[in-house]
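Q: Sharing a structure here in structure tokens format.
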Amino acid sequence: MPGPPSTILLVTPVWNDSVRLAGFGGELAGALAESGLPVRWIIADDGSDAGEHVALERLCGSFRLVYPGVSLHYAKEHRGKGAVLREAWALAADAAWVAFVDADGSVSAREMLGLIQEAVAGGISVVGVRKRTATTRVAESFWRGLAHRGYLLAARWLLGLRSADIQCGAKVFDGDAYRRIAPILMENGLAIDSEMLAAMDKLGLGWRETAVNWTEKDSGKVRVSRDAWGMLCALWRVRRRLR
């Protein structure tokens, strides 16, 4: 059902993620309840195993006691993060803002709420970036950091994207800006972040980058050895389409 024009639609994509969602979801429910913002929070399941549905229903019920504006959405099949995000965002097609935050808690709930508040106050899309500053810290392994920097260089070379961090799992997009790029988004997997920013850049749609505290989680779904090649191939696909 479409939400009111003032809706801020926040999606947390999950895939067999009930264990890590249990901790982060409770934190996020509390932060949303305290914020006073008109956020519709959707936990979007990307075709998890059948047993996960029971766990997600239980978790969502507990979150709803803290923040009533949370609901579950189930994709019919597992297609990837990009696909389930687009599917969930379409549930409130006229939302003023669309946002997502990963379920692993690498970016804390309060950091995510800060990004939403910054976007609404400034009237501009805001993306979180892993960046060490006087007030933010990044805790990641050597190999994860190396892969991160390598991917940034590849995205700059292939797509012309100049960003401090393309793949951080905490982003807030102006609803009108998202609706302009939505028809050309095709990546179903992890490269959806890169595709969205590349599409916005091509159409001259700006965004603000805000440094956030970021902590690598052992339960995270990204595996450098497994996912690197696929994400580089995705950059090539995005380059060809946007050209």
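Note on naming: chains are A, B, ... as they come in the structure tokens, residues start from 1 per chain, ligands start from 1 in the order shown.
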List as a list in words the protein and nucleic acid residues near Asn16 (chain A), meaning an atom at most 7 Å away when only C-alpha atoms are counted, but skip any in the same chain fewer than 4 places from it.
A: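 Near Asn16 (chain A), the qualifying residues are Ser48, Asp49 and Glu52 of chain A.
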Q: Save out the residues we just selected, N, CA and C atoms, as a tab-separated table (two decimals), in the first residue's frame.
A:
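Wrote part-v5.tsv, looks like this:
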```tsv
chain	number	residue	atom	x	y	z
A	48	SER	N	14.78	-16.20	1.78
A	48	SER	CA	15.48	-17.03	2.76
A	48	SER	C	14.88	-18.42	2.85
A	49	ASP	N	15.59	-19.31	3.52
A	49	ASP	CA	15.07	-20.66	3.76
A	49	ASP	C	13.77	-20.58	4.55
A	52	GLU	N	13.59	-19.70	8.21
A	52	GLU	CA	13.89	-18.33	8.60
A	52	GLU	C	12.63	-17.50	8.78
```
Q: Taking 2 positions as the minimum chain separation for residues in the same chain, which residues sit within 10 Å of region 83-93 of chain A when counting only C-alpha atoms? Answer as a PyMOL selection string.
A: chain A and resi 1-5+7-15+40+42-47+72-81+95-100+175-176+178-179+182+185-190+192
Q: Counting only C-alpha atoms, which of A:Lys217, A:Arg132, A:Arg208, A:Arg243 gets nearest to Val107 (chain A)?
A: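 Using only C-alpha atoms, Val107 (chain A) sits closest to A:Lys217.
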Q: I'd like the contact shell of region 58-69 of chain A - 10 Å cut-off, only C-alpha atoms, skipping same-chain residues fewer than 6 positions apart - returned as a list in words.
A: Ser18, Val19, Leu21, Ala22, Gly23, Gly25, Gly26, Glu27, Leu28, Ala29, Gly30, Ala31, Leu32, Ala33, Glu34, Pro38, Val39, Arg40, Trp41, Ile42, Ile43 and Glu52 of chain A
Q: Name all residues at most 8 Å from Ile181 (chain A) (count only C-alpha atoms; drop same-chain ones fewer than 4 positions away) and give them as a PyMOL selection string.
A: chain A and resi 177+185+196+199-200
Q: Would you mind exporting the chosen residues as a tab-separated table (two decimals), in the first residue's frame, restricted to C-alpha atoms?
A:
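Result file is part29.tsv:
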```
chain	number	residue	atom	x	y	z
A	177	ALA	CA	15.80	11.45	-7.41
A	185	LEU	CA	18.52	0.09	-12.41
A	196	MET	CA	22.59	3.84	-8.08
A	199	ALA	CA	23.03	6.58	-12.44
A	200	MET	CA	22.61	9.63	-10.20
```
Q: Which of region 58-110 of chain A end up as strand (DSSP E or B) when DSSP is run on this backbone - answer as a list in words?
A: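 Everything in region 58-110 of chain A that counts as strand (DSSP E or B) is Val70, Ser71, Leu72, His73, Tyr74, Trp97, Val98, Ala99, Phe100 and Val101 of chain A.
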Q: Enter the distance from CA of Gln167 (chain A) to CA of Val238 (chain A), in Å, rounded to one decimal.
A: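 If I compute the distance from CA of Gln167 (chain A) to CA of Val238 (chain A), I get 14.8 Å.
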Q: Quick one: DSSP alpha helix (DSSP H) residues in region 135-205 of chain A, as a PDB file with C-alpha atoms, in the first residue's frame?
A:
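Saved the output as states23.pdb:
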```pdb
ATOM      1  CA  PHE A 142      43.771  -5.444   6.155  1.00  0.00           C
ATOM      2  CA  TRP A 143      42.319  -7.492   3.284  1.00  0.00           C
ATOM      3  CA  ARG A 144      38.886  -5.900   3.529  1.00  0.00           C
ATOM      4  CA  GLY A 145      40.450  -2.454   3.468  1.00  0.00           C
ATOM      5  CA  LEU A 146      42.628  -3.362   0.499  1.00  0.00           C
ATOM      6  CA  ALA A 147      39.640  -4.710  -1.422  1.00  0.00           C
ATOM      7  CA  HIS A 148      37.676  -1.571  -0.573  1.00  0.00           C
ATOM      8  CA  ARG A 149      40.356   0.722  -1.960  1.00  0.00           C
ATOM      9  CA  GLY A 150      40.793  -1.439  -5.047  1.00  0.00           C
ATOM     10  CA  TYR A 151      37.067  -1.354  -5.765  1.00  0.00           C
ATOM     11  CA  LEU A 152      37.007   2.426  -5.409  1.00  0.00           C
ATOM     12  CA  LEU A 153      39.793   2.720  -7.979  1.00  0.00           C
ATOM     13  CA  ALA A 154      37.957   0.374 -10.354  1.00  0.00           C
ATOM     14  CA  ALA A 155      34.723   2.351 -10.005  1.00  0.00           C
ATOM     15  CA  ARG A 156      36.567   5.599 -10.621  1.00  0.00           C
ATOM     16  CA  TRP A 157      38.227   4.175 -13.744  1.00  0.00           C
ATOM     17  CA  LEU A 158      35.182   2.429 -15.199  1.00  0.00           C
ATOM     18  CA  LEU A 159      32.358   4.741 -14.101  1.00  0.00           C
ATOM     19  CA  GLY A 175      12.408  10.053  -3.417  1.00  0.00           C
ATOM     20  CA  ASP A 176      12.145  12.093  -6.602  1.00  0.00           C
ATOM     21  CA  ALA A 177      15.804  11.446  -7.411  1.00  0.00           C
ATOM     22  CA  TYR A 178      15.343   7.731  -6.874  1.00  0.00           C
ATOM     23  CA  ARG A 179      12.274   7.647  -9.111  1.00  0.00           C
ATOM     24  CA  ARG A 180      14.326   9.210 -11.896  1.00  0.00           C
ATOM     25  CA  ILE A 181      16.991   6.508 -11.751  1.00  0.00           C
ATOM     26  CA  ILE A 192      23.341  -2.026  -6.604  1.00  0.00           C
ATOM     27  CA  ASP A 193      25.058   0.734  -4.569  1.00  0.00           C
ATOM     28  CA  SER A 194      27.516   1.436  -7.374  1.00  0.00           C
ATOM     29  CA  GLU A 195      24.787   1.384 -10.007  1.00  0.00           C
ATOM     30  CA  MET A 196      22.588   3.835  -8.083  1.00  0.00           C
ATOM     31  CA  LEU A 197      25.369   6.340  -7.561  1.00  0.00           C
ATOM     32  CA  ALA A 198      26.574   6.008 -11.162  1.00  0.00           C
ATOM     33  CA  ALA A 199      23.032   6.583 -12.440  1.00  0.00           C
ATOM     34  CA  MET A 200      22.608   9.626 -10.200  1.00  0.00           C
ATOM     35  CA  ASP A 201      25.941  10.995 -11.345  1.00  0.00           C
ATOM     36  CA  LYS A 202      24.994  10.546 -15.009  1.00  0.00           C
TER      37      LYS A 202
END
```
Q: Measuring between only C-alpha atoms, which one of A:Ala211, A:Ile166, A:Ala121, A:Met112 shows the shortest distance to Thr133 (chain A)?
A: A:Ala211
Q: To one decimal place, how far is CA of Trp207 (chain A) from CA of Ser163 (chain A) in Å?
A: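 Separation between CA of Trp207 (chain A) and CA of Ser163 (chain A): 10.3 Å.
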Q: Please, what distance in Å, to one decimal, runs between CA of Ala191 (chain A) and CA of Ala170 (chain A)?
A: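 CA of Ala191 (chain A) sits 13.9 Å away from CA of Ala170 (chain A).
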